[in-house]
>>> print(open('target.txt').read())   # compact mmCIF, C-alpha atoms and all ligand atoms
# COMPACT_ATOMS: atom_id res chain seq x y z
CA MET Z 829 31.84 5.42 0.53
CA THR Z 830 30.51 7.10 -2.57
CA THR Z 831 27.87 6.64 -5.16
CA ALA Z 832 27.46 8.06 -8.63
CA VAL Z 833 24.35 10.03 -7.69
CA SER Z 834 22.94 12.08 -4.83
CA LEU Z 835 20.02 11.27 -2.55
CA ASP Z 836 18.17 14.17 -4.19
CA PHE Z 837 18.65 12.59 -7.64
CA ILE Z 838 17.20 9.30 -6.32
CA LYS Z 839 14.30 11.09 -4.65
CA GLY Z 840 13.41 12.74 -7.96
CA LEU Z 841 13.66 9.50 -9.94
CA PRO Z 842 10.14 8.20 -10.73
CA LYS Z 843 9.70 4.82 -9.08
CA ALA Z 844 7.15 2.23 -7.99
CA GLU Z 845 6.98 0.84 -4.44
CA LEU Z 846 6.06 -2.85 -4.70
CA HIS Z 847 6.96 -4.24 -1.29
CA LEU Z 848 5.50 -2.21 1.51
CA HIS Z 849 3.35 -3.39 4.41
CA LEU Z 850 0.88 -0.65 5.30
CA GLU Z 851 1.01 -1.82 8.92
CA GLY Z 852 4.78 -1.34 8.72
CA THR Z 853 4.32 2.38 8.09
CA LEU Z 854 2.97 3.04 11.60
CA GLU Z 855 5.30 5.81 12.76
CA PRO Z 856 5.72 6.36 16.53
CA ASP Z 857 3.82 9.68 16.47
CA LEU Z 858 0.74 8.19 14.77
CA LYS Z 859 0.89 5.14 17.03
CA LEU Z 860 0.78 7.36 20.11
CA LYS Z 861 -1.98 9.52 18.66
CA LEU Z 862 -4.20 6.55 17.82
CA ALA Z 863 -3.49 4.86 21.17
CA GLN Z 864 -4.62 7.99 22.96
CA LYS Z 865 -7.71 8.44 20.78
CA ASN Z 866 -8.79 4.82 21.17
CA GLY Z 867 -7.88 4.60 24.86
CA ILE Z 868 -5.33 1.82 24.38
CA ASP Z 869 -2.45 1.35 26.79
CA ILE Z 870 0.58 0.54 24.64
CA GLY Z 871 3.05 0.78 27.51
CA GLN Z 872 4.75 3.92 26.14
CA THR Z 873 3.81 7.57 26.42
CA THR Z 874 6.45 9.43 24.39
CA ILE Z 875 7.75 9.20 20.82
CA GLU Z 876 11.19 8.38 22.21
CA GLU Z 877 9.80 5.46 24.22
CA VAL Z 878 7.93 4.10 21.19
CA THR Z 879 11.04 4.47 19.00
CA GLU Z 880 13.08 2.72 21.68
CA SER Z 881 10.61 -0.20 21.65
CA TYR Z 882 11.17 -0.74 17.89
CA LYS Z 883 14.09 -3.13 18.54
CA PHE Z 884 14.70 -6.50 16.89
CA ASP Z 885 17.44 -8.54 15.25
CA SER Z 886 15.51 -11.26 13.42
CA LEU Z 887 12.23 -11.74 11.57
CA PRO Z 888 10.46 -13.37 14.60
CA SER Z 889 11.67 -10.65 17.00
CA PHE Z 890 10.51 -7.99 14.54
CA LEU Z 891 7.09 -9.63 14.23
CA ASN Z 892 6.83 -9.71 18.05
CA VAL Z 893 6.95 -5.91 18.07
CA TYR Z 894 4.98 -5.45 14.85
CA TYR Z 895 1.75 -7.32 15.62
CA PRO Z 896 1.01 -5.88 19.09
CA ALA Z 897 1.51 -2.35 17.69
CA MET Z 898 -1.49 -2.89 15.40
CA ASN Z 899 -3.87 -2.80 18.38
CA VAL Z 900 -4.02 0.97 18.00
CA LEU Z 901 -5.79 0.51 14.62
CA GLN Z 902 -9.46 0.25 15.53
CA THR Z 903 -11.72 2.22 13.20
CA GLU Z 904 -12.06 2.66 9.44
CA GLU Z 905 -10.71 6.17 9.90
CA ASP Z 906 -7.54 4.79 11.54
CA PHE Z 907 -6.76 2.55 8.55
CA TYR Z 908 -7.48 5.50 6.25
CA GLU Z 909 -5.22 7.82 8.23
CA LEU Z 910 -2.36 5.30 8.19
CA THR Z 911 -2.61 5.09 4.39
CA ILE Z 912 -2.66 8.85 3.91
CA ALA Z 913 0.34 9.30 6.22
CA TYR Z 914 2.25 6.81 4.06
CA LEU Z 915 1.24 8.46 0.78
CA LYS Z 916 2.51 11.83 2.02
CA LYS Z 917 5.91 10.26 2.81
CA ALA Z 918 5.97 8.34 -0.49
CA GLN Z 919 5.37 11.52 -2.48
CA GLN Z 920 8.55 13.02 -0.98
CA GLN Z 921 10.44 9.90 -2.07
CA GLY Z 922 9.45 10.08 -5.75
CA VAL Z 923 6.93 7.23 -5.65
CA LYS Z 924 4.53 7.43 -8.61
CA HIS Z 925 2.89 4.04 -8.23
CA ALA Z 926 2.45 1.90 -5.10
CA GLU Z 927 1.14 -1.64 -4.60
CA LEU Z 928 0.57 -1.90 -0.87
CA PHE Z 929 0.33 -5.01 1.30
CA PHE Z 930 -2.14 -5.29 4.14
CA ASP Z 931 -2.65 -8.12 6.66
CA PRO Z 932 -6.40 -8.54 7.31
CA GLN Z 933 -5.95 -11.52 9.65
CA ALA Z 934 -3.81 -9.43 12.01
CA HIS Z 935 -6.95 -7.32 12.54
CA THR Z 936 -9.88 -9.73 12.10
CA SER Z 937 -8.22 -12.03 14.67
CA ARG Z 938 -8.64 -9.25 17.25
CA GLY Z 939 -12.25 -8.55 16.33
CA ILE Z 940 -12.01 -5.83 13.68
CA PRO Z 941 -14.48 -6.53 10.84
CA PHE Z 942 -12.90 -7.12 7.39
CA GLU Z 943 -15.15 -4.43 5.98
CA THR Z 944 -13.68 -1.81 8.35
CA ILE Z 945 -10.14 -2.65 7.26
CA ILE Z 946 -10.69 -2.78 3.51
CA ASN Z 947 -12.91 0.30 3.42
CA GLY Z 948 -10.40 2.39 5.38
CA TYR Z 949 -7.39 1.32 3.33
CA TYR Z 950 -9.27 1.57 0.04
CA ARG Z 951 -10.50 5.09 0.76
CA GLY Z 952 -6.85 5.99 1.40
CA VAL Z 953 -5.45 4.50 -1.81
CA GLN Z 954 -8.16 6.16 -3.87
CA GLU Z 955 -6.80 9.49 -2.67
CA GLY Z 956 -3.33 8.58 -3.95
CA GLU Z 957 -3.83 10.84 -6.93
CA ASN Z 958 -3.84 13.84 -4.57
CA TYR Z 959 -0.17 12.94 -3.98
CA GLY Z 960 0.66 12.10 -7.61
CA ILE Z 961 0.56 8.36 -6.83
CA SER Z 962 -1.54 5.62 -8.37
CA ALA Z 963 -2.01 3.19 -5.51
CA ALA Z 964 -3.52 -0.28 -5.12
CA LEU Z 965 -3.86 -2.94 -2.42
CA ILE Z 966 -2.49 -6.50 -2.13
CA LEU Z 967 -4.15 -8.72 0.48
CA CYS Z 968 -1.57 -10.83 2.36
CA PHE Z 969 -2.27 -14.06 4.21
CA LEU Z 970 -0.34 -14.73 7.41
CA ARG Z 971 1.61 -17.93 6.77
CA ASP Z 972 1.91 -18.79 10.47
CA MET Z 973 -1.88 -19.11 10.59
CA SER Z 974 -3.67 -22.11 9.06
CA ALA Z 975 -4.45 -22.68 5.39
CA GLU Z 976 -8.14 -22.81 6.43
CA SER Z 977 -7.88 -19.35 7.95
CA ALA Z 978 -6.37 -18.05 4.69
CA GLU Z 979 -9.22 -19.67 2.76
CA GLN Z 980 -11.83 -18.11 5.06
CA THR Z 981 -10.12 -14.73 4.67
CA LEU Z 982 -10.20 -14.97 0.88
CA ALA Z 983 -13.87 -16.00 0.96
CA GLU Z 984 -14.61 -12.95 3.12
CA ALA Z 985 -12.57 -10.72 0.82
CA LEU Z 986 -13.92 -11.84 -2.57
CA PRO Z 987 -17.09 -9.68 -2.37
CA TYR Z 988 -14.62 -6.72 -2.23
CA LYS Z 989 -12.53 -8.04 -5.14
CA ASP Z 990 -12.66 -4.71 -6.97
CA LYS Z 991 -10.78 -3.10 -4.04
CA PHE Z 992 -7.55 -5.14 -4.25
CA ILE Z 993 -5.44 -6.35 -7.16
CA GLY Z 994 -3.69 -9.41 -5.81
CA VAL Z 995 -2.74 -11.64 -2.91
CA GLY Z 996 0.52 -12.16 -1.05
CA LEU Z 997 1.95 -14.28 1.77
CA ASP Z 998 3.92 -12.91 4.70
CA SER Z 999 4.79 -13.39 8.41
CA ASP Z 1000 7.04 -16.13 9.79
CA GLU Z 1001 8.30 -18.47 7.07
CA LYS Z 1002 9.90 -21.06 9.36
CA GLY Z 1003 7.89 -24.27 9.03
CA ASN Z 1004 5.34 -22.53 6.77
CA PRO Z 1005 6.27 -23.41 3.18
CA PRO Z 1006 4.52 -21.93 0.14
CA SER Z 1007 2.96 -25.33 -0.62
CA LYS Z 1008 0.77 -24.95 2.51
CA PHE Z 1009 -1.12 -22.20 0.62
CA ALA Z 1010 -1.27 -23.76 -2.86
CA ALA Z 1011 -5.07 -24.18 -2.80
CA VAL Z 1012 -5.92 -20.64 -1.65
CA PHE Z 1013 -3.52 -19.17 -4.21
CA GLN Z 1014 -5.19 -21.25 -6.91
CA THR Z 1015 -8.60 -19.90 -5.89
CA ALA Z 1016 -7.16 -16.38 -5.99
CA GLN Z 1017 -5.85 -16.96 -9.51
CA GLN Z 1018 -9.23 -18.32 -10.63
CA ASN Z 1019 -10.72 -15.07 -9.39
CA GLY Z 1020 -8.41 -13.02 -11.58
CA LEU Z 1021 -6.08 -11.89 -8.77
CA LYS Z 1022 -2.32 -11.45 -9.19
CA ARG Z 1023 -0.09 -13.45 -6.86
CA THR Z 1024 3.13 -12.90 -4.98
CA MET Z 1025 4.74 -14.55 -1.94
CA HIS Z 1026 7.47 -13.68 0.52
CA CYS Z 1027 10.60 -15.84 0.31
CA ASP Z 1028 12.41 -14.26 3.24
CA ILE Z 1029 16.18 -14.09 3.58
CA ASP Z 1030 18.26 -17.13 4.64
CA GLN Z 1031 15.31 -19.26 5.69
CA GLU Z 1032 15.40 -22.96 6.37
CA ASN Z 1033 14.78 -24.45 2.89
CA SER Z 1034 15.02 -21.04 1.15
CA ILE Z 1035 15.84 -22.56 -2.25
CA GLU Z 1036 13.07 -25.17 -2.05
CA HIS Z 1037 10.58 -22.45 -1.03
CA ILE Z 1038 11.63 -20.30 -4.01
CA ARG Z 1039 11.28 -23.32 -6.27
CA GLN Z 1040 7.75 -24.01 -4.99
CA VAL Z 1041 6.77 -20.38 -5.41
CA ILE Z 1042 7.84 -20.10 -9.04
CA GLU Z 1043 7.34 -23.62 -10.39
CA ASP Z 1044 4.41 -25.02 -8.39
CA ILE Z 1045 2.40 -21.95 -7.34
CA GLN Z 1046 3.55 -19.96 -10.41
CA VAL Z 1047 3.48 -16.57 -8.79
CA ASP Z 1048 3.72 -13.34 -10.78
CA ARG Z 1049 6.39 -11.92 -8.48
CA ILE Z 1050 8.60 -12.89 -5.49
CA ASP Z 1051 9.02 -10.74 -2.39
CA HIS Z 1052 12.66 -10.75 -1.21
CA GLY Z 1053 13.85 -14.02 -2.82
CA THR Z 1054 17.51 -12.97 -3.02
CA ASN Z 1055 18.70 -16.46 -1.98
CA ILE Z 1056 17.85 -17.42 -5.56
CA VAL Z 1057 21.37 -16.27 -6.45
CA GLU Z 1058 22.61 -19.59 -5.01
CA ASN Z 1059 20.86 -21.58 -7.75
CA GLN Z 1060 21.60 -20.76 -11.40
CA GLU Z 1061 18.72 -22.86 -12.73
CA LEU Z 1062 16.21 -20.84 -10.75
CA VAL Z 1063 17.87 -17.57 -11.81
CA ASP Z 1064 17.53 -18.66 -15.44
CA TYR Z 1065 13.89 -19.63 -14.77
CA VAL Z 1066 12.90 -16.21 -13.39
CA ASN Z 1067 14.66 -14.52 -16.28
CA GLU Z 1068 12.91 -16.71 -18.86
CA HIS Z 1069 9.53 -16.10 -17.23
CA SER Z 1070 10.13 -12.38 -16.45
CA ILE Z 1071 9.41 -12.91 -12.74
CA GLY Z 1072 10.57 -9.90 -10.73
CA LEU Z 1073 12.01 -9.75 -7.21
CA THR Z 1074 11.04 -7.05 -4.70
CA THR Z 1075 14.12 -6.80 -2.50
CA CYS Z 1076 14.42 -4.72 0.68
CA PRO Z 1077 18.08 -4.10 1.54
CA VAL Z 1078 17.62 -1.91 4.63
CA SER Z 1079 15.05 -4.31 6.08
CA ASN Z 1080 17.51 -7.18 5.48
CA GLY Z 1081 20.12 -5.28 7.45
CA PHE Z 1082 17.79 -5.37 10.46
CA VAL Z 1083 16.54 -8.94 10.34
CA VAL Z 1084 19.68 -10.76 9.15
CA ASP Z 1085 22.35 -8.11 9.81
CA ASP Z 1086 23.31 -7.94 6.13
CA MET Z 1087 21.76 -5.82 3.37
CA LYS Z 1088 22.44 -8.67 0.93
CA GLY Z 1089 23.64 -5.97 -1.42
CA LYS Z 1090 26.21 -8.22 -3.07
CA GLU Z 1091 23.47 -10.68 -3.95
CA ILE Z 1092 21.09 -7.95 -5.16
CA VAL Z 1093 23.77 -6.43 -7.42
CA GLU Z 1094 24.73 -9.88 -8.72
CA LEU Z 1095 21.10 -10.54 -9.68
CA LEU Z 1096 20.81 -7.10 -11.29
CA ASN Z 1097 23.96 -7.84 -13.32
CA GLN Z 1098 22.43 -11.14 -14.44
CA GLY Z 1099 19.44 -9.27 -15.85
CA VAL Z 1100 16.95 -10.31 -13.15
CA LYS Z 1101 14.15 -7.76 -12.71
CA VAL Z 1102 15.13 -6.82 -9.16
CA THR Z 1103 13.67 -3.77 -7.46
CA VAL Z 1104 14.46 -1.97 -4.20
CA ASN Z 1105 11.65 -1.42 -1.69
CA SER Z 1106 11.12 -0.36 1.89
CA ASP Z 1107 9.13 -3.25 3.50
CA ASP Z 1108 8.29 -1.70 6.92
CA PRO Z 1109 9.71 1.82 6.75
CA ALA Z 1110 8.51 3.06 10.14
CA TYR Z 1111 10.37 0.22 11.83
CA PHE Z 1112 13.52 0.33 9.69
CA GLN Z 1113 13.53 4.15 9.57
CA SER Z 1114 14.08 4.27 5.85
CA TYR Z 1115 11.71 4.99 2.96
CA ILE Z 1116 12.25 3.84 -0.62
CA ALA Z 1117 14.63 6.52 -1.91
CA ASP Z 1118 16.66 6.18 1.32
CA ASP Z 1119 16.81 2.42 0.70
CA MET Z 1120 18.03 2.89 -2.86
CA TYR Z 1121 20.60 5.43 -1.70
CA ALA Z 1122 21.83 3.15 1.11
CA LEU Z 1123 22.31 0.29 -1.35
CA ALA Z 1124 23.91 2.54 -3.96
CA THR Z 1125 26.33 4.02 -1.45
CA LYS Z 1126 27.45 0.81 0.17
CA TYR Z 1127 27.80 -1.14 -3.08
CA HIS Z 1128 28.97 1.71 -5.34
CA LEU Z 1129 26.13 1.40 -7.83
CA SER Z 1130 26.50 3.27 -11.12
CA LYS Z 1131 23.91 5.79 -12.25
CA GLU Z 1132 22.80 3.28 -14.90
CA GLN Z 1133 22.24 0.57 -12.29
CA ILE Z 1134 20.14 2.90 -10.16
CA ILE Z 1135 18.06 3.89 -13.17
CA GLN Z 1136 17.65 0.19 -14.06
CA LEU Z 1137 16.27 -0.52 -10.55
CA ALA Z 1138 13.68 2.23 -11.04
CA LYS Z 1139 12.78 0.97 -14.54
CA ASN Z 1140 12.42 -2.58 -13.20
CA SER Z 1141 9.91 -1.33 -10.64
CA PHE Z 1142 7.51 -0.24 -13.40
CA GLU Z 1143 8.29 -3.22 -15.62
CA ILE Z 1144 7.20 -5.71 -12.93
CA ALA Z 1145 4.34 -3.58 -11.57
CA TRP Z 1146 0.81 -4.89 -12.04
CA ILE Z 1147 -0.22 -2.10 -14.39
CA SER Z 1148 -1.18 -1.86 -18.07
CA GLU Z 1149 1.44 -1.87 -20.82
CA GLU Z 1150 0.42 1.67 -21.66
CA ASP Z 1151 1.02 2.87 -18.10
CA LYS Z 1152 4.39 1.11 -18.04
CA GLN Z 1153 5.48 3.01 -21.15
CA THR Z 1154 4.28 6.30 -19.66
CA TYR Z 1155 6.31 5.77 -16.46
CA LEU Z 1156 9.40 4.53 -18.33
CA ALA Z 1157 9.25 7.62 -20.55
CA ALA Z 1158 9.06 9.78 -17.41
CA ILE Z 1159 12.27 8.14 -16.16
CA ASP Z 1160 13.97 8.85 -19.50
CA ARG Z 1161 12.85 12.48 -19.39
CA TYR Z 1162 14.12 12.88 -15.83
CA THR Z 1163 17.48 11.24 -16.47
CA ASN Z 1164 18.07 13.16 -19.71
CA GLU Z 1165 17.33 16.53 -18.10
N1 LIG O 1 5.46 -8.70 7.60
C1 LIG O 1 5.92 -7.45 7.58
N2 LIG O 1 7.17 -7.41 7.14
C2 LIG O 1 7.53 -8.69 6.86
C3 LIG O 1 8.68 -9.31 6.35
N3 LIG O 1 9.78 -8.62 6.04
N4 LIG O 1 8.69 -10.65 6.20
C4 LIG O 1 7.59 -11.35 6.53
N5 LIG O 1 6.48 -10.82 6.98
C5 LIG O 1 6.43 -9.49 7.15
ZN ZN O 2 7.77 -7.82 3.52
>>> encode(input="target.txt", output="structure tokens", more="lines below")
Ligand code: ADE
Ligand code: ZN
Amino acid sequence: MTTAVSLDFIKGLPKAELHLHLEGTLEPDLKLKLAQKNGIDIGQTTIEEVTESYKFDSLPSFLNVYYPAMNVLQTEEDFYELTIAYLKKAQQQGVKHAELFFDPQAHTSRGIPFETIINGYYRGVQEGENYGISAALILCFLRDMSAESAEQTLAEALPYKDKFIGVGLDSDEKGNPPSKFAAVFQTAQQNGLKRTMHCDIDQENSIEHIRQVIEDIQVDRIDHGTNIVENQELVDYVNEHSIGLTTCPVSNGFVVDDMKGKEIVELLNQGVKVTVNSDDPAYFQSYIADDMYALATKYHLSKEQIIQLAKNSFEIAWISEEDKQTYLAAIDRYTNE
């Protein structure tokens, strides 16, 4: 298998990471360190044992490993340290801008105050510039919890509104359609927040969920959403409304045993603003440039297609027009070198 460019070229290509769960960046070494510091028995004592425990073959089986691991995050400093560890990795991958998901309910539900979580993460993202990265936070609601819980979470978060730029929706999609969260997303919009939602791969009612997300909720972006390729009307709709998709091919390979590369390339060829992202890189052992390289290699992407993916990431980022032009010019400079 070949691709038109090297991994080093992709690492150097300026890019934005738009689909990354901060809790999904918990590498085995940091997990062990925090467990020890906080006196938490996680059932493993070596990096190898932790790595071995990161096993799953579906979204629910992944989430069953993912949520318990978060117990090691206890103090503001822990959330800060997790963010800094990610930023260091992202710098090596050519990330210049990052919009990072976090799941407050996964922590407040086990007694961690919202303030602890947001202050730790926010202190981390503010230091992004030390790594050449402008970073921001997106607060995600857990869709397998109630709509009331999401509403309570937003009410608790609004006093900190200057510390996050938007809201998202993640966790287990089965039986939890976007429409369940229409009201809380409307409140978020009224408060000037951007909006995105996961439409995970090959879900029951995938197409109907995508329809709800773009037509009823009117999100600014869709996370995953590659099943849209099955419905030309919806593809035309996202193109007309410039709604981008944050796809995660390596993650897909773990949870549905298929990178969905054919679908991603088809959407790219149809002019959809698709991007490649890493989702939960500590669990899928692949950061963003690795993800782009994996897709490019397996599906023989041209250099132009790879550059288009990077350009799309800035075009659909929640940044000013001026910043977009600055990043796009940086891509042109890099690719014309
Ligand atoms: N939480 C973390 N990663 C996720 C994913 N890929 N889908 C839904 N929820 C998630
Ligand atoms: Zn995700």
>>> closest_atom_pairs(input="target.txt", of="chain Z", to="ligand LIG 1 (chain O)", cutoff="6 Å", atoms="only C-alpha atoms and all ligand atoms", output="CSV")
residue,atom,partner,partner_atom,distance
Z:His849,CA,O:LIG1,C1,5.8
Z:Asp998,CA,O:LIG1,N5,4.0
Z:Ser999,CA,O:LIG1,N5,3.4
Z:Asp1000,CA,O:LIG1,C4,5.8
Z:Asp1028,CA,O:LIG1,N4,6.0
Z:Asp1107,CA,O:LIG1,N2,5.9
Z:Asp1108,CA,O:LIG1,N2,5.8
>>> write_last_selection(input="target.txt", atoms="C-alpha atoms", output="compact mmCIF listing (two decimals), keeping the file's coordinate frame")
# COMPACT_ATOMS: atom_id res chain seq x y z
CA HIS Z 849 3.35 -3.39 4.41
CA ASP Z 998 3.92 -12.91 4.70
CA SER Z 999 4.79 -13.39 8.41
CA ASP Z 1000 7.04 -16.13 9.79
CA ASP Z 1028 12.41 -14.26 3.24
CA ASP Z 1107 9.13 -3.25 3.50
CA ASP Z 1108 8.29 -1.70 6.92
>>> residues_around(input="target.txt", residues="range 1137-1142 of chain Z", least_positions_apart="5", cutoff="6 Å", atoms="only C-alpha atoms", output="list of chain:residue names")
Z:Lys843, Z:Ala844, Z:Lys1101, Z:Thr1103, Z:Lys1152
>>> atom_distance(input="target.txt", atom1="CA of Gln1113 in chain Z", atom2="CA of Phe907 in chain Z")
20.4 Å
>>> residues_near_point(input="target.txt", point="(1.7, -25.4, -5.1)", cutoff="6 Å", atoms="all atoms listed in the file", output="PyMOL selection string")
chain Z and resi 1007+1010+1044-1045
>>> closest_atom_pairs(input="target.txt", of="chain Z", to="ligand ZN 2 (chain O)", cutoff="12 Å", atoms="only C-alpha atoms and all ligand atoms", output="CSV")
residue,atom,partner,partner_atom,distance
Z:Glu845,CA,O:ZN2,ZN,11.8
Z:Leu846,CA,O:ZN2,ZN,9.8
Z:His847,CA,O:ZN2,ZN,6.1
Z:Leu848,CA,O:ZN2,ZN,6.4
Z:His849,CA,O:ZN2,ZN,6.3
Z:Leu850,CA,O:ZN2,ZN,10.1
Z:Glu851,CA,O:ZN2,ZN,10.5
Z:Gly852,CA,O:ZN2,ZN,8.8
Z:Thr853,CA,O:ZN2,ZN,11.7
Z:Leu887,CA,O:ZN2,ZN,10.0
Z:Phe890,CA,O:ZN2,ZN,11.4
Z:Leu891,CA,O:ZN2,ZN,10.9
Z:Tyr894,CA,O:ZN2,ZN,11.9
Z:Leu928,CA,O:ZN2,ZN,10.3
Z:Phe929,CA,O:ZN2,ZN,8.3
Z:Phe930,CA,O:ZN2,ZN,10.2
Z:Asp931,CA,O:ZN2,ZN,10.9
Z:Ile966,CA,O:ZN2,ZN,11.8
Z:Cys968,CA,O:ZN2,ZN,9.9
Z:Phe969,CA,O:ZN2,ZN,11.8
Z:Leu970,CA,O:ZN2,ZN,11.3
Z:Gly996,CA,O:ZN2,ZN,9.6
Z:Leu997,CA,O:ZN2,ZN,8.9
Z:Asp998,CA,O:ZN2,ZN,6.5
Z:Ser999,CA,O:ZN2,ZN,8.0
Z:Asp1000,CA,O:ZN2,ZN,10.4
Z:Glu1001,CA,O:ZN2,ZN,11.2
Z:Thr1024,CA,O:ZN2,ZN,10.9
Z:Met1025,CA,O:ZN2,ZN,9.2
Z:His1026,CA,O:ZN2,ZN,6.6
Z:Cys1027,CA,O:ZN2,ZN,9.1
Z:Asp1028,CA,O:ZN2,ZN,7.9
Z:Ile1029,CA,O:ZN2,ZN,10.5
Z:Ile1050,CA,O:ZN2,ZN,10.4
Z:Asp1051,CA,O:ZN2,ZN,6.7
Z:His1052,CA,O:ZN2,ZN,7.4
Z:Gly1053,CA,O:ZN2,ZN,10.8
Z:Leu1073,CA,O:ZN2,ZN,11.7
Z:Thr1074,CA,O:ZN2,ZN,8.9
Z:Thr1075,CA,O:ZN2,ZN,8.8
Z:Cys1076,CA,O:ZN2,ZN,7.9
Z:Pro1077,CA,O:ZN2,ZN,11.1
Z:Val1078,CA,O:ZN2,ZN,11.5
Z:Ser1079,CA,O:ZN2,ZN,8.5
Z:Asn1080,CA,O:ZN2,ZN,10.0
Z:Val1083,CA,O:ZN2,ZN,11.2
Z:Val1104,CA,O:ZN2,ZN,11.8
Z:Asn1105,CA,O:ZN2,ZN,9.1
Z:Ser1106,CA,O:ZN2,ZN,8.3
Z:Asp1107,CA,O:ZN2,ZN,4.8
Z:Asp1108,CA,O:ZN2,ZN,7.0
Z:Pro1109,CA,O:ZN2,ZN,10.4
Z:Tyr1111,CA,O:ZN2,ZN,11.9
Z:Phe1112,CA,O:ZN2,ZN,11.7
>>> write_last_selection(input="target.txt", atoms="C-alpha atoms", output="compact mmCIF listing (two decimals), in the frame of the given file")
# COMPACT_ATOMS: atom_id res chain seq x y z
CA GLU Z 845 6.98 0.84 -4.44
CA LEU Z 846 6.06 -2.85 -4.70
CA HIS Z 847 6.96 -4.24 -1.29
CA LEU Z 848 5.50 -2.21 1.51
CA HIS Z 849 3.35 -3.39 4.41
CA LEU Z 850 0.88 -0.65 5.30
CA GLU Z 851 1.01 -1.82 8.92
CA GLY Z 852 4.78 -1.34 8.72
CA THR Z 853 4.32 2.38 8.09
CA LEU Z 887 12.23 -11.74 11.57
CA PHE Z 890 10.51 -7.99 14.54
CA LEU Z 891 7.09 -9.63 14.23
CA TYR Z 894 4.98 -5.45 14.85
CA LEU Z 928 0.57 -1.90 -0.87
CA PHE Z 929 0.33 -5.01 1.30
CA PHE Z 930 -2.14 -5.29 4.14
CA ASP Z 931 -2.65 -8.12 6.66
CA ILE Z 966 -2.49 -6.50 -2.13
CA CYS Z 968 -1.57 -10.83 2.36
CA PHE Z 969 -2.27 -14.06 4.21
CA LEU Z 970 -0.34 -14.73 7.41
CA GLY Z 996 0.52 -12.16 -1.05
CA LEU Z 997 1.95 -14.28 1.77
CA ASP Z 998 3.92 -12.91 4.70
CA SER Z 999 4.79 -13.39 8.41
CA ASP Z 1000 7.04 -16.13 9.79
CA GLU Z 1001 8.30 -18.47 7.07
CA THR Z 1024 3.13 -12.90 -4.98
CA MET Z 1025 4.74 -14.55 -1.94
CA HIS Z 1026 7.47 -13.68 0.52
CA CYS Z 1027 10.60 -15.84 0.31
CA ASP Z 1028 12.41 -14.26 3.24
CA ILE Z 1029 16.18 -14.09 3.58
CA ILE Z 1050 8.60 -12.89 -5.49
CA ASP Z 1051 9.02 -10.74 -2.39
CA HIS Z 1052 12.66 -10.75 -1.21
CA GLY Z 1053 13.85 -14.02 -2.82
CA LEU Z 1073 12.01 -9.75 -7.21
CA THR Z 1074 11.04 -7.05 -4.70
CA THR Z 1075 14.12 -6.80 -2.50
CA CYS Z 1076 14.42 -4.72 0.68
CA PRO Z 1077 18.08 -4.10 1.54
CA VAL Z 1078 17.62 -1.91 4.63
CA SER Z 1079 15.05 -4.31 6.08
CA ASN Z 1080 17.51 -7.18 5.48
CA VAL Z 1083 16.54 -8.94 10.34
CA VAL Z 1104 14.46 -1.97 -4.20
CA ASN Z 1105 11.65 -1.42 -1.69
CA SER Z 1106 11.12 -0.36 1.89
CA ASP Z 1107 9.13 -3.25 3.50
CA ASP Z 1108 8.29 -1.70 6.92
CA PRO Z 1109 9.71 1.82 6.75
CA TYR Z 1111 10.37 0.22 11.83
CA PHE Z 1112 13.52 0.33 9.69
>>> residues_around(input="target.txt", residues="Thr944 in chain Z", least_positions_apart="6", cutoff="12 Å", atoms="all atoms listed in the file", output="list in words")
Leu901, Gln902, Thr903, Glu904, Glu905, Asp906, Phe907, Tyr908, Pro932, His935, Thr936, Tyr950, Arg951, Ala985 and Tyr988 of chain Z
>>> closest_residue(input="target.txt", among="Z:Met973, Z:Pro856, Z:Glu1061, Z:Arg1023", to="Arg1039 in chain Z", atoms="all atoms listed in the file")
Z:Glu1061
>>> closest_residue(input="target.txt", among="Z:Gly922, Z:Phe1082, Z:Asp1048, Z:Gln1098", to="Lys883 in chain Z", atoms="only C-alpha atoms")
Z:Phe1082
>>> atom_distance(input="target.txt", atom1="CA of Asp857 in chain Z", atom2="CA of Thr879 in chain Z")
9.3 Å
>>> atom_distance(input="target.txt", atom1="CA of Ser881 in chain Z", atom2="CA of Val1084 in chain Z")
18.7 Å
>>> closest_residue(input="target.txt", among="Z:Met898, Z:Leu858, Z:Val995, Z:Val1100", to="Leu965 in chain Z", atoms="all atoms listed in the file")
Z:Val995
>>> closest_residue(input="target.txt", among="Z:Thr874, Z:Asn1019, Z:Ser1148, Z:Gln1046", to="Ala983 in chain Z", atoms="all atoms listed in the file")
Z:Asn1019
>>> closest_residue(input="target.txt", among="Z:Ala926, Z:Leu841, Z:His1128, Z:Ser1070", to="Asn1164 in chain Z", atoms="only C-alpha atoms")
Z:Leu841
>>> closest_residue(input="target.txt", among="Z:Gln1018, Z:Gln933, Z:Gln1136, Z:Asn1004", to="Thr981 in chain Z", atoms="only C-alpha atoms")
Z:Gln933
>>> residues_near_point(input="target.txt", point="(-3.3, -23.4, 1.6)", cutoff="8 Å", atoms="only C-alpha atoms", output="list in words")
Ser974, Ala975, Glu976, Ala978, Glu979, Ser1007, Lys1008, Phe1009, Ala1010, Ala1011, Val1012 and Phe1013 of chain Z
>>> residues_around(input="target.txt", residues="Asn1055 in chain Z", least_positions_apart="3", cutoff="7 Å", atoms="all atoms listed in the file", output="PyMOL selection string")
chain Z and resi 1029-1030+1034-1035+1058
>>> decode(input="target.txt", residues="range 1036-1043 of chain Z", atoms="C-alpha atoms", output="compact mmCIF listing (two decimals), in the first residue's frame")
# COMPACT_ATOMS: atom_id res chain seq x y z
CA GLU Z 1036 -32.92 9.80 10.72
CA HIS Z 1037 -30.50 10.93 13.47
CA ILE Z 1038 -28.40 12.84 10.91
CA ARG Z 1039 -31.57 14.41 9.54
CA GLN Z 1040 -32.64 15.55 13.02
CA VAL Z 1041 -29.21 16.95 13.75
CA ILE Z 1042 -29.00 19.11 10.63
CA GLU Z 1043 -32.62 20.00 9.92
